[in-house]
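Coordinates as given in final_1.txt (compact mmCIF, C-alpha atoms and all ligand atoms):
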# COMPACT_ATOMS: atom_id res chain seq x y z
CA MET A 1 0.00 0.00 0.00
CA ASN A 2 1.17 3.46 -0.88
CA ALA A 3 0.70 5.63 2.24
CA ALA A 4 1.07 8.98 0.46
CA TYR A 5 -1.52 7.98 -2.14
CA GLU A 6 -3.94 6.73 0.51
CA LEU A 7 -3.72 10.05 2.35
CA ALA A 8 -4.22 11.96 -0.89
CA LYS A 9 -7.19 9.78 -1.72
CA GLU A 10 -8.86 10.70 1.57
CA LYS A 11 -8.12 14.37 1.11
CA TYR A 12 -9.64 14.46 -2.38
CA LYS A 13 -12.59 12.39 -1.20
CA SER A 14 -13.42 15.22 1.18
CA VAL A 15 -14.11 17.45 -1.83
CA GLY A 16 -15.99 14.74 -3.70
CA ILE A 17 -13.21 13.47 -5.97
CA ASP A 18 -12.59 9.77 -6.52
CA THR A 19 -8.86 9.54 -7.26
CA ASP A 20 -9.02 5.92 -8.46
CA ALA A 21 -11.54 6.94 -11.12
CA VAL A 22 -9.30 9.87 -12.08
CA LEU A 23 -6.31 7.57 -12.61
CA GLU A 24 -8.37 5.49 -15.01
CA ARG A 25 -9.70 8.51 -16.86
CA LEU A 26 -6.30 10.13 -17.28
CA ARG A 27 -4.88 7.01 -18.82
CA ARG A 28 -7.42 7.10 -21.60
CA VAL A 29 -6.62 10.68 -22.65
CA GLY A 30 -4.64 10.59 -25.87
CA ILE A 31 -1.98 13.21 -26.44
CA SER A 32 -0.67 13.58 -29.98
CA MET A 33 3.10 13.86 -29.92
CA HIS A 34 4.70 15.98 -32.64
CA CYS A 35 7.49 14.19 -34.48
CA TRP A 36 9.19 17.52 -35.30
CA GLN A 37 10.65 18.12 -31.81
CA GLY A 38 13.11 15.32 -32.54
CA ASP A 39 14.90 16.88 -35.50
CA ASP A 40 14.33 20.64 -35.23
CA VAL A 41 11.46 20.60 -37.78
CA ILE A 42 13.79 19.60 -40.62
CA GLY A 43 12.10 16.49 -42.02
CA PHE A 44 13.42 14.14 -44.68
CA ASP A 45 12.30 15.60 -48.00
CA ASN A 46 14.33 18.81 -48.25
CA ASP A 47 17.74 20.34 -47.67
CA GLY A 48 17.15 21.27 -44.09
CA ALA A 49 16.39 25.00 -44.02
CA LEU A 50 13.34 25.79 -41.92
CA SER A 51 11.15 28.56 -43.33
CA GLY A 52 7.68 29.93 -42.74
CA GLY A 53 8.40 32.41 -39.96
CA ILE A 54 9.04 29.74 -37.35
CA GLN A 55 12.41 29.03 -35.82
CA THR A 56 14.26 26.45 -33.79
CA THR A 57 17.15 27.76 -31.72
CA GLY A 58 19.88 25.86 -29.94
CA ASN A 59 22.58 23.43 -30.80
CA TYR A 60 22.18 20.58 -28.34
CA PRO A 61 23.84 17.41 -29.64
CA GLY A 62 21.93 14.34 -30.74
CA ARG A 63 19.42 15.53 -33.31
CA ALA A 64 17.71 12.67 -35.18
CA ARG A 65 19.01 12.64 -38.76
CA SER A 66 17.15 9.70 -40.25
CA PRO A 67 13.76 8.02 -39.92
CA LYS A 68 15.39 5.23 -37.93
CA GLU A 69 16.90 7.65 -35.43
CA LEU A 70 13.71 9.66 -35.15
CA MET A 71 11.63 6.54 -34.55
CA ALA A 72 14.02 5.36 -31.85
CA ASP A 73 13.82 8.75 -30.12
CA ILE A 74 10.03 8.81 -30.37
CA ASP A 75 9.91 5.34 -28.80
CA LYS A 76 12.11 6.48 -25.96
CA ALA A 77 9.99 9.57 -25.32
CA LEU A 78 6.68 7.72 -25.44
CA SER A 79 7.95 5.09 -23.03
CA LEU A 80 8.36 7.79 -20.39
CA ASP A 81 4.80 9.13 -20.33
CA GLY A 82 1.93 6.98 -19.10
CA GLY A 83 -1.35 6.92 -21.03
CA ALA A 84 -2.56 6.98 -24.63
CA HIS A 85 -0.71 8.71 -27.46
CA LYS A 86 -0.95 9.49 -31.13
CA LEU A 87 1.89 10.26 -33.49
CA ASN A 88 1.75 13.64 -35.20
CA LEU A 89 3.55 13.68 -38.56
CA HIS A 90 4.29 16.40 -41.09
CA ALA A 91 4.31 15.70 -44.82
CA SER A 92 8.00 16.65 -44.89
CA TYR A 93 8.71 13.43 -42.96
CA ALA A 94 7.96 11.28 -46.02
CA ILE A 95 10.36 8.35 -46.27
CA PHE A 96 11.67 7.68 -49.77
CA GLY A 97 13.38 4.57 -51.04
CA GLU A 98 16.95 4.58 -52.32
CA GLY A 99 17.24 7.15 -55.14
CA GLU A 100 13.52 7.95 -54.95
CA TRP A 101 12.06 11.41 -54.42
CA VAL A 102 8.78 13.06 -55.33
CA ASP A 103 7.73 16.63 -54.83
CA ARG A 104 5.10 17.49 -52.25
CA ASP A 105 2.26 17.57 -54.75
CA ALA A 106 2.91 13.97 -55.71
CA LEU A 107 3.16 12.41 -52.25
CA LEU A 108 1.40 9.09 -51.81
CA PRO A 109 0.47 6.92 -48.83
CA GLU A 110 3.33 4.57 -49.71
CA HIS A 111 5.82 7.31 -48.84
CA PHE A 112 4.67 6.97 -45.24
CA GLU A 113 4.50 3.19 -45.05
CA PRO A 114 7.30 2.84 -42.44
CA TRP A 115 5.43 5.32 -40.22
CA VAL A 116 2.21 3.38 -40.63
CA GLU A 117 3.93 0.17 -39.59
CA PHE A 118 5.58 1.97 -36.70
CA ALA A 119 2.23 3.28 -35.47
CA ILE A 120 0.35 0.02 -35.94
CA GLU A 121 2.97 -1.92 -33.98
CA ARG A 122 2.46 0.49 -31.10
CA GLY A 123 -1.33 0.66 -31.34
CA MET A 124 -1.25 4.37 -32.13
CA GLY A 125 -3.21 6.53 -34.53
CA ILE A 126 -1.45 9.06 -36.77
CA ASP A 127 -2.28 12.74 -37.14
CA PHE A 128 -1.03 14.59 -40.17
CA ASN A 129 0.01 18.01 -41.42
CA PRO A 130 0.58 19.16 -44.98
CA THR A 131 3.90 21.06 -45.01
CA PHE A 132 3.46 24.49 -46.59
CA PHE A 133 6.96 25.68 -45.66
CA SER A 134 10.65 24.72 -46.03
CA HIS A 135 10.29 24.35 -49.79
CA PRO A 136 11.43 26.40 -52.82
CA LYS A 137 7.79 27.07 -53.73
CA ALA A 138 7.11 28.43 -50.23
CA GLU A 139 9.42 31.44 -50.42
CA GLY A 140 6.44 33.73 -50.87
CA LEU A 141 2.75 32.99 -50.46
CA THR A 142 1.49 29.39 -50.79
CA LEU A 143 -2.25 28.66 -50.81
CA SER A 144 -2.93 32.40 -51.09
CA SER A 145 -0.42 33.00 -53.89
CA PRO A 146 -1.45 35.13 -56.88
CA ASP A 147 0.80 32.90 -58.98
CA GLU A 148 -1.55 30.21 -60.20
CA GLU A 149 1.22 27.70 -60.74
CA ILE A 150 2.35 28.02 -57.14
CA ARG A 151 -1.14 28.11 -55.68
CA SER A 152 -2.25 25.04 -57.57
CA PHE A 153 0.94 23.19 -56.57
CA TRP A 154 0.04 23.71 -52.92
CA VAL A 155 -3.60 22.80 -53.52
CA ARG A 156 -2.40 19.50 -54.96
CA HIS A 157 -0.20 19.07 -51.89
CA GLY A 158 -3.20 19.57 -49.60
CA GLN A 159 -5.24 17.11 -51.62
CA ALA A 160 -2.45 14.53 -51.55
CA CYS A 161 -2.24 14.92 -47.77
CA LEU A 162 -5.96 14.43 -47.36
CA ARG A 163 -5.67 11.10 -49.13
CA ILE A 164 -2.69 10.15 -46.98
CA ALA A 165 -4.55 11.05 -43.77
CA GLU A 166 -7.45 8.92 -44.91
CA TYR A 167 -5.04 6.06 -45.49
CA PHE A 168 -3.60 6.49 -41.97
CA ALA A 169 -7.10 6.21 -40.53
CA GLU A 170 -7.88 3.13 -42.60
CA ARG A 171 -4.69 1.35 -41.68
CA THR A 172 -4.58 2.20 -37.99
CA GLY A 173 -8.34 2.08 -37.45
CA ILE A 174 -8.06 5.40 -35.63
CA PRO A 175 -9.32 8.70 -37.13
CA SER A 176 -6.61 11.09 -38.26
CA VAL A 177 -6.56 14.81 -37.51
CA MET A 178 -5.25 16.64 -40.57
CA ASN A 179 -4.22 20.14 -39.65
CA ILE A 180 -3.75 22.93 -42.17
CA TRP A 181 -1.49 25.80 -41.27
CA ILE A 182 0.07 28.12 -43.83
CA PRO A 183 2.73 30.70 -43.07
CA ASP A 184 1.40 33.13 -45.70
CA GLY A 185 1.67 36.73 -44.65
CA PHE A 186 3.39 40.08 -45.06
CA LYS A 187 6.35 41.70 -43.40
CA ASP A 188 5.06 45.16 -44.17
CA ILE A 189 1.66 46.73 -44.56
CA PRO A 190 -0.02 44.97 -47.47
CA ALA A 191 -1.80 46.88 -50.22
CA ASP A 192 -4.36 44.14 -50.51
CA ARG A 193 -5.46 41.91 -47.65
CA LEU A 194 -8.67 40.70 -49.24
CA GLY A 195 -7.18 39.16 -52.40
CA PRO A 196 -4.87 36.74 -50.59
CA ARG A 197 -7.63 35.76 -48.17
CA LYS A 198 -10.05 35.12 -51.02
CA ARG A 199 -7.46 32.93 -52.72
CA PHE A 200 -6.74 31.08 -49.47
CA ALA A 201 -10.46 30.31 -49.06
CA LYS A 202 -10.66 29.19 -52.69
CA SER A 203 -7.62 26.93 -52.25
CA LEU A 204 -9.05 25.37 -49.11
CA ASP A 205 -12.34 24.75 -50.94
CA GLU A 206 -10.40 23.06 -53.71
CA ILE A 207 -8.53 20.85 -51.24
CA LEU A 208 -11.65 19.80 -49.36
CA GLY A 209 -13.54 19.58 -52.64
CA ILE A 210 -11.96 16.26 -53.54
CA GLY A 211 -14.16 14.75 -50.86
CA TYR A 212 -13.08 12.68 -47.88
CA ASP A 213 -14.58 10.48 -45.23
CA LYS A 214 -15.37 12.72 -42.27
CA GLU A 215 -15.48 9.74 -39.95
CA LYS A 216 -11.88 9.03 -40.83
CA VAL A 217 -10.31 12.46 -41.20
CA LEU A 218 -10.89 15.47 -39.01
CA VAL A 219 -9.68 18.48 -40.99
CA THR A 220 -8.56 21.33 -38.76
CA LEU A 221 -7.47 24.87 -39.61
CA GLU A 222 -4.87 26.62 -37.47
CA SER A 223 -4.81 30.41 -37.35
CA LYS A 224 -1.88 32.64 -36.46
CA VAL A 225 -1.42 36.31 -35.74
CA PHE A 226 2.16 36.74 -37.01
CA GLY A 227 5.46 35.07 -37.85
CA ILE A 228 9.07 36.14 -38.18
CA GLY A 229 9.20 38.25 -41.33
CA LEU A 230 5.40 38.19 -41.38
CA GLU A 231 4.83 40.83 -38.75
CA SER A 232 2.19 43.00 -40.38
CA CYS A 233 -0.42 40.58 -41.64
CA THR A 234 -1.10 36.88 -41.75
CA VAL A 235 -3.55 35.58 -44.32
CA GLY A 236 -4.84 32.83 -42.02
CA SER A 237 -5.80 35.13 -39.15
CA ALA A 238 -8.11 34.10 -36.30
CA GLU A 239 -11.13 35.70 -37.96
CA PHE A 240 -10.37 34.05 -41.28
CA ALA A 241 -10.07 30.65 -39.63
CA MET A 242 -13.22 31.16 -37.57
CA GLY A 243 -15.29 32.22 -40.55
CA TYR A 244 -13.96 29.48 -42.76
CA MET A 245 -14.39 26.60 -40.35
CA LEU A 246 -17.89 27.67 -39.31
CA THR A 247 -19.13 27.94 -42.88
CA ARG A 248 -17.39 24.79 -44.15
CA GLY A 249 -17.96 22.54 -41.17
CA ILE A 250 -14.33 21.80 -40.38
CA VAL A 251 -12.64 22.02 -36.99
CA PRO A 252 -10.79 25.01 -35.50
CA LEU A 253 -7.30 24.50 -34.14
CA MET A 254 -5.98 26.92 -31.56
CA ASP A 255 -2.25 27.07 -30.87
CA ASN A 256 -1.63 29.04 -27.69
CA GLY A 257 1.45 30.66 -29.23
CA HIS A 258 -0.60 32.23 -32.00
CA TYR A 259 -2.34 35.11 -30.28
CA HIS A 260 -1.45 38.47 -28.82
CA PRO A 261 0.55 37.93 -25.63
CA THR A 262 -2.26 38.80 -23.23
CA GLU A 263 -4.88 36.87 -25.15
CA MET A 264 -5.45 33.50 -23.50
CA VAL A 265 -6.50 30.33 -25.29
CA SER A 266 -7.87 29.06 -21.97
CA ASP A 267 -10.51 31.78 -22.19
CA LYS A 268 -11.42 30.88 -25.76
CA ILE A 269 -12.10 27.16 -25.30
CA SER A 270 -15.59 27.44 -23.77
CA SER A 271 -16.81 29.83 -26.48
CA MET A 272 -15.48 27.65 -29.24
CA LEU A 273 -17.01 24.52 -27.73
CA LEU A 274 -20.36 26.24 -27.51
CA PHE A 275 -20.50 26.60 -31.27
CA CYS A 276 -18.26 23.81 -32.57
CA PRO A 277 -18.86 20.08 -32.23
CA LYS A 278 -15.12 19.53 -32.06
CA LEU A 279 -12.00 21.49 -31.22
CA ALA A 280 -8.28 20.93 -31.67
CA LEU A 281 -5.39 22.41 -29.72
CA HIS A 282 -1.67 22.86 -30.16
CA VAL A 283 -0.22 23.11 -26.70
CA THR A 284 2.97 25.13 -26.62
CA ARG A 285 4.64 27.89 -24.59
CA ALA A 286 5.19 31.28 -26.07
CA VAL A 287 7.90 33.37 -24.44
CA ARG A 288 7.39 36.92 -25.73
CA TRP A 289 6.54 35.53 -29.16
CA ASP A 290 5.58 32.18 -30.70
CA SER A 291 8.92 30.85 -29.54
CA ASP A 292 7.74 27.28 -29.06
CA HIS A 293 9.47 26.68 -25.74
CA VAL A 294 8.89 23.37 -23.94
CA VAL A 295 5.51 23.24 -22.22
CA ARG A 296 5.87 23.93 -18.51
CA LEU A 297 3.39 23.30 -15.74
CA ASP A 298 2.55 27.00 -15.67
CA ASP A 299 -0.69 28.84 -14.99
CA GLU A 300 -1.90 28.97 -18.59
CA THR A 301 -1.12 25.29 -19.21
CA MET A 302 -3.13 24.39 -16.11
CA GLU A 303 -5.94 26.77 -17.08
CA ILE A 304 -6.18 25.22 -20.56
CA ALA A 305 -6.38 21.76 -18.98
CA LYS A 306 -8.99 23.01 -16.52
CA GLU A 307 -11.18 24.34 -19.33
CA ILE A 308 -10.87 21.06 -21.22
CA VAL A 309 -11.87 18.97 -18.21
CA ALA A 310 -14.50 21.32 -16.79
CA SER A 311 -16.24 21.48 -20.17
CA GLY A 312 -17.11 17.79 -19.90
CA ARG A 313 -16.16 17.60 -23.59
CA ILE A 314 -12.66 16.13 -23.40
CA ASP A 315 -13.56 13.52 -26.01
CA ASP A 316 -14.40 16.29 -28.48
CA ILE A 317 -11.00 17.92 -28.13
CA ALA A 318 -7.93 16.76 -30.06
CA ILE A 319 -4.90 17.57 -27.92
CA ALA A 320 -1.52 17.86 -29.62
CA LEU A 321 1.81 19.28 -28.50
CA ASP A 322 3.64 21.76 -30.72
CA TYR A 323 7.03 23.13 -29.72
CA PHE A 324 10.61 22.68 -30.83
CA ASP A 325 13.54 23.40 -28.60
CA ALA A 326 17.04 22.50 -29.77
CA SER A 327 18.80 23.91 -26.71
CA VAL A 328 18.05 20.93 -24.46
CA ASN A 329 18.02 17.18 -24.88
CA ARG A 330 15.24 16.74 -27.44
CA VAL A 331 13.88 13.54 -25.91
CA ALA A 332 13.71 15.23 -22.51
CA ALA A 333 11.89 18.15 -24.17
CA TRP A 334 9.24 15.77 -25.49
CA VAL A 335 8.87 13.92 -22.21
CA GLN A 336 8.75 17.04 -20.07
CA GLY A 337 6.04 18.56 -22.24
CA LEU A 338 4.02 15.35 -22.36
CA ARG A 339 4.25 14.82 -18.63
CA ASN A 340 3.50 18.44 -17.87
CA PHE A 341 0.36 18.51 -19.91
CA ARG A 342 -0.73 15.22 -18.41
CA LYS A 343 -0.09 16.61 -14.95
CA ALA A 344 -2.15 19.67 -15.83
CA LEU A 345 -4.99 17.35 -16.88
CA LEU A 346 -4.59 15.39 -13.66
CA ILE A 347 -4.81 18.54 -11.55
CA ALA A 348 -7.90 19.57 -13.51
CA MET A 349 -9.48 16.15 -12.93
CA LEU A 350 -8.77 16.48 -9.21
CA THR A 351 -10.65 19.78 -9.07
CA PRO A 352 -14.29 19.84 -7.89
CA HIS A 353 -15.51 22.02 -10.76
CA GLU A 354 -19.21 21.77 -9.92
CA LEU A 355 -18.64 22.81 -6.34
CA LEU A 356 -16.64 25.83 -7.46
CA ALA A 357 -19.18 26.75 -10.13
CA GLU A 358 -21.92 26.71 -7.51
CA MET A 359 -19.93 29.14 -5.38
CA GLN A 360 -19.58 31.38 -8.42
CA ASP A 361 -23.30 31.22 -9.14
CA ARG A 362 -24.19 31.96 -5.51
CA GLY A 363 -21.91 34.99 -5.63
CA GLU A 364 -19.62 33.58 -2.94
CA THR A 365 -16.59 35.38 -4.27
CA THR A 366 -14.48 35.11 -1.13
CA GLU A 367 -15.16 31.38 -0.65
CA LEU A 368 -14.38 30.77 -4.31
CA LEU A 369 -11.07 32.63 -4.20
CA VAL A 370 -9.95 30.92 -1.02
CA THR A 371 -11.07 27.44 -2.10
CA GLN A 372 -9.34 27.75 -5.47
CA GLU A 373 -6.14 28.75 -3.69
CA ARG A 374 -6.55 26.04 -1.02
CA LEU A 375 -6.82 23.33 -3.66
CA LYS A 376 -3.39 24.28 -4.96
CA SER A 377 -1.81 22.77 -1.86
CA TYR A 378 -3.69 19.49 -2.12
CA PRO A 379 -1.41 16.47 -2.61
CA TRP A 380 -1.81 15.97 -6.36
CA GLY A 381 1.87 14.97 -6.51
CA ALA A 382 1.10 11.76 -4.60
CA VAL A 383 -1.66 10.98 -7.10
CA TRP A 384 0.77 11.64 -9.96
CA ASP A 385 3.35 9.30 -8.43
CA LYS A 386 0.66 6.63 -8.17
CA TYR A 387 -0.33 7.28 -11.79
CA CYS A 388 3.24 6.74 -12.99
CA GLU A 389 3.37 3.56 -10.95
CA VAL A 390 0.15 2.10 -12.35
CA CYS A 391 1.26 3.02 -15.88
CA SER A 392 4.66 1.43 -15.24
CA VAL A 393 6.55 4.54 -16.27
CA PRO A 394 9.42 6.04 -14.25
CA SER A 395 8.67 8.43 -11.41
CA GLU A 396 9.53 12.12 -11.42
CA GLU A 397 12.82 11.27 -9.75
CA ASP A 398 13.77 8.58 -12.23
CA TRP A 399 12.81 9.50 -15.79
CA LEU A 400 15.66 11.90 -16.46
CA CYS A 401 18.21 9.18 -15.62
CA GLU A 402 16.64 7.11 -18.39
CA VAL A 403 16.98 9.97 -20.86
CA MET A 404 20.55 10.69 -19.83
CA ARG A 405 21.49 7.06 -20.23
CA TYR A 406 19.97 7.19 -23.72
CA GLU A 407 21.91 10.38 -24.40
CA ARG A 408 25.19 8.71 -23.46
CA GLU A 409 24.53 5.44 -25.23
CA VAL A 410 22.75 6.68 -28.35
CA LEU A 411 22.44 10.43 -28.92
CA LEU A 412 26.05 11.44 -28.27
CA LYS A 413 27.27 8.74 -30.62
CA ARG A 414 25.49 10.42 -33.51
CA GLY A 415 28.34 12.92 -33.90
C1 LIG B 501 3.48 27.33 -36.66
C2 LIG B 501 2.38 26.41 -36.27
C3 LIG B 501 2.46 25.03 -36.81
C4 LIG B 501 3.86 24.46 -36.77
C5 LIG B 501 3.96 23.01 -37.14
C6 LIG B 501 5.37 22.60 -37.37
O1 LIG B 501 3.49 28.49 -35.98
O2 LIG B 501 2.27 26.37 -34.88
O3 LIG B 501 1.56 24.22 -36.16
O4 LIG B 501 4.43 24.64 -35.52
O5 LIG B 501 3.15 22.75 -38.20
ZN ZN B 502 0.92 24.95 -34.04
What does this structure look like when you write it as structure tokens?
Amino acid sequence: MNAAYELAKEKYKSVGIDTDAVLERLRRVGISMHCWQGDDVIGFDNDGALSGGIQTTGNYPGRARSPKELMADIDKALSLDGGAHKLNLHASYAIFGEGEWVDRDALLPEHFEPWVEFAIERGMGIDFNPTFFSHPKAEGLTLSSPDEEIRSFWVRHGQACLRIAEYFAERTGIPSVMNIWIPDGFKDIPADRLGPRKRFAKSLDEILGIGYDKEKVLVTLESKVFGIGLESCTVGSAEFAMGYMLTRGIVPLMDNGHYHPTEMVSDKISSMLLFCPKLALHVTRAVRWDSDHVVRLDDETMEIAKEIVASGRIDDIAIALDYFDASVNRVAAWVQGLRNFRKALLIAMLTPHELLAEMQDRGETTELLVTQERLKSYPWGAVWDKYCEVCSVPSEEDWLCEVMRYEREVLLKRG
């Protein structure tokens, strides 16, 4: 018997929470892990320069340079977080045979076959992202380009990805989230904002127009307020994405690095859920800008988790991580982010939301403030330790040793 857990169980029981039930529930929550943390968003189909107004900084040794290395690192990371996972791939992670290469508009399911086998062996679903950056045809605008040749190239890429996502769902038996994000935008004040947005909408219509099985693929659209070199205007703004997804019946994706710094995604979730059957999230940490730092167990992370759990709609929300830090061990970055978001969900599940909501409705402002603060000192850490134990993953004290051993034995040997 675990004395600390038993005490915690009693404590949470006093506020109406059944910790055993929470442990079970948390295990079932799937978090989609982004493959791109492992190799600094480089992928396997291009020369390695990252574009699109996003940036990885740092020079920590051990970056995965091949599919084999990336898969090994993903395995290591996933083994250190208890609970369900999905694998989140980008189109740029296509795996070509010896001497083979096709451009992004000609990608086929077979170019992802090793990933499909990898996922099936591990009982995971695969989420997918067309890659509208890091490509010679993505130096300017992509889906919003006035150059018909370029625009139609990217439309074909989107269509190809839709087919691939459908294939992932068929093969794994698990629906695939296909997320569209384009970096299109302007460094300086544009003369015309409407034209690019009209073309973006037209391109999206053409992509979705090929038809797809909505039971298999959940198409999401991710908005963004700015990027590096795209400071004055982004074509896929929040309003664009909102209008498009509502009129076309696709799913909004909110990345918490994609808004003005005092705008909080945690505050947006309830409104979106009120009007959308489904919602998708990219969980990240923005430090001053969309810097994609490793997710910490900070206030906003916990508030996002709280909104997810309190909504009672967790099954309608696709949770994915999205950050890329090359200044620390990349496997540790994955694991820390995964575990932190899971901890945030655990804390949210250990919160008596109905009790607190009643206080709010009764106007008991003082009681609410004090109870919310009191709950912060409740022994959730003992419940987390128990969770790691029942999932057979290392404890807080032990997981880093595992990663460091892997660093010594594998990552540092990569040269
Ligand atoms: C960029 C978006 C987007 C990317 C990934 C690599 O700001 O957040 O989701 O991070 O597609
Ligand atoms: Zn994102």
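Pocket residues of ligand ZN 502 (chain B), taken as those with any atom at most 7 Å away using only C-alpha atoms and all ligand atoms, are Glu222, Asp255, His282 and Asp322 of chain A.
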Select the residues contacting ligand LIG 501 (chain B) at a distance of at most 10 Å, based on all atoms listed in the file, then format the selection as a VMD selection string. chain A and resid 34 to 37 40 to 42 50 52 to 55 88 to 92 128 to 133 179 to 183 221 to 228 253 to 258 281 to 284 290 to 292 320 to 324
Selection from above, C-alpha atoms, as a short mmCIF file (atom, residue, chain, number, x, y, z; two decimals), in the frame of the given file, can you write it?
data_model
loop_
_atom_site.label_atom_id
_atom_site.label_comp_id
_atom_site.auth_asym_id
_atom_site.auth_seq_id
_atom_site.Cartn_x
_atom_site.Cartn_y
_atom_site.Cartn_z
CA HIS A 34 4.70 15.98 -32.64
CA CYS A 35 7.49 14.19 -34.48
CA TRP A 36 9.19 17.52 -35.30
CA GLN A 37 10.65 18.12 -31.81
CA ASP A 40 14.33 20.64 -35.23
CA VAL A 41 11.46 20.60 -37.78
CA ILE A 42 13.79 19.60 -40.62
CA LEU A 50 13.34 25.79 -41.92
CA GLY A 52 7.68 29.93 -42.74
CA GLY A 53 8.40 32.41 -39.96
CA ILE A 54 9.04 29.74 -37.35
CA GLN A 55 12.41 29.03 -35.82
CA ASN A 88 1.75 13.64 -35.20
CA LEU A 89 3.55 13.68 -38.56
CA HIS A 90 4.29 16.40 -41.09
CA ALA A 91 4.31 15.70 -44.82
CA SER A 92 8.00 16.65 -44.89
CA PHE A 128 -1.03 14.59 -40.17
CA ASN A 129 0.01 18.01 -41.42
CA PRO A 130 0.58 19.16 -44.98
CA THR A 131 3.90 21.06 -45.01
CA PHE A 132 3.46 24.49 -46.59
CA PHE A 133 6.96 25.68 -45.66
CA ASN A 179 -4.22 20.14 -39.65
CA ILE A 180 -3.75 22.93 -42.17
CA TRP A 181 -1.49 25.80 -41.27
CA ILE A 182 0.07 28.12 -43.83
CA PRO A 183 2.73 30.70 -43.07
CA LEU A 221 -7.47 24.87 -39.61
CA GLU A 222 -4.87 26.62 -37.47
CA SER A 223 -4.81 30.41 -37.35
CA LYS A 224 -1.88 32.64 -36.46
CA VAL A 225 -1.42 36.31 -35.74
CA PHE A 226 2.16 36.74 -37.01
CA GLY A 227 5.46 35.07 -37.85
CA ILE A 228 9.07 36.14 -38.18
CA LEU A 253 -7.30 24.50 -34.14
CA MET A 254 -5.98 26.92 -31.56
CA ASP A 255 -2.25 27.07 -30.87
CA ASN A 256 -1.63 29.04 -27.69
CA GLY A 257 1.45 30.66 -29.23
CA HIS A 258 -0.60 32.23 -32.00
CA LEU A 281 -5.39 22.41 -29.72
CA HIS A 282 -1.67 22.86 -30.16
CA VAL A 283 -0.22 23.11 -26.70
CA THR A 284 2.97 25.13 -26.62
CA ASP A 290 5.58 32.18 -30.70
CA SER A 291 8.92 30.85 -29.54
CA ASP A 292 7.74 27.28 -29.06
CA ALA A 320 -1.52 17.86 -29.62
CA LEU A 321 1.81 19.28 -28.50
CA ASP A 322 3.64 21.76 -30.72
CA TYR A 323 7.03 23.13 -29.72
CA PHE A 324 10.61 22.68 -30.83
#
Padding of 4 Å on every side, edges along x, y and z, all listed atoms of region 81-91 of chain A included: what centre and edge lengths in Å, to one decimal, does that box have, as lines of an AutoDock Vina configuration file?
center_x = 1.1
center_y = 11.7
center_z = -32.0
size_x = 15.4
size_y = 17.5
size_z = 33.7
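Distance check against Lys187 (chain A) using only C-alpha atoms: of A:Pro146, A:Gly381, A:Gly249, A:Gly229, the minimum falls on A:Gly229.
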Please list as an MDAnalysis selection string every residue within 9 Å of Ile210 (chain A), counting only C-alpha atoms and excluding residues in the same chain fewer than 4 positions away. chainID A and resid 159 162 205:206
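Atom pair CA of Met71 (chain A) / CA of Glu117 (chain A): separated by 11.2 Å.
Comparing the minimum interatomic distances between Ala165 (chain A) and each of A:Leu108, A:Ala21, A:Met178, A:Leu7, counting only C-alpha atoms, we find that A:Met178 sits nearest.
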Suppose you want the space between CA of Gly312 (chain A) and CA of Ala84 (chain A); what is it in Å? 18.7 Å
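With distances taken over all atoms listed in the file, A:Trp334 is the one residue among A:Tyr378, A:Trp334, A:Trp384, A:Phe118 lying closest to Leu400 (chain A).
Each of A:Arg339, A:Trp154, A:Ser32, A:Leu107 was compared to Ile317 (chain A) using only C-alpha atoms, and A:Ser32 turns out to be the nearest.
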Report as a ChimeraX atom specification all protein, DNA and RNA residues lying within 6 Å of region 166-171 of chain A, evaluated on all atoms listed in the file, omitting residues in the same chain fewer than 5 positions from it. /A:176,216-217
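The shortest atom-to-atom distance to Leu218 (chain A), with all atoms listed in the file taken into account, belongs to A:Val177 out of A:Gly38, A:Val177, A:Ala318, A:Gly185.
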Excluding same-chain residues fewer than 4 positions from Leu274 (chain A), what lies within 12 Å of it counting only C-alpha atoms, as a PDB file with C-alpha atoms, keeping the file's coordinate frame?
ATOM      1  CA  LYS A 268     -11.420  30.880 -25.760  1.00  0.00           C
ATOM      2  CA  ILE A 269     -12.100  27.160 -25.300  1.00  0.00           C
ATOM      3  CA  SER A 270     -15.590  27.440 -23.770  1.00  0.00           C
ATOM      4  CA  LYS A 278     -15.120  19.530 -32.060  1.00  0.00           C
ATOM      5  CA  LEU A 279     -12.000  21.490 -31.220  1.00  0.00           C
ATOM      6  CA  SER A 311     -16.240  21.480 -20.170  1.00  0.00           C
ATOM      7  CA  GLY A 312     -17.110  17.790 -19.900  1.00  0.00           C
ATOM      8  CA  ARG A 313     -16.160  17.600 -23.590  1.00  0.00           C
ATOM      9  CA  ASP A 316     -14.400  16.290 -28.480  1.00  0.00           C
TER      10      ASP A 316
END
Using all atoms listed in the file, find all polymer residues with an atom at most 9 Å away from the point (9.4, 13.4, -7.8); report them as a PyMOL selection string. chain A and resi 381+385+395-398
Of the candidates A:Arg362, A:Arg330, A:Lys343, A:His353, which shows the shortest atom-to-atom distance to Ala64 (chain A), using all atoms listed in the file? A:Arg330
Just want the 7 Å neighbourhood of region 301-303 of chain A, counted on all atoms listed in the file, with same-chain residues fewer than 6 positions away dropped. Output as a ChimeraX atom specification. /A:266,341,344
Report the distance between CA of Val235 (chain A) and CA of Arg151 (chain A) in Å, rounded to one decimal place. 13.8 Å
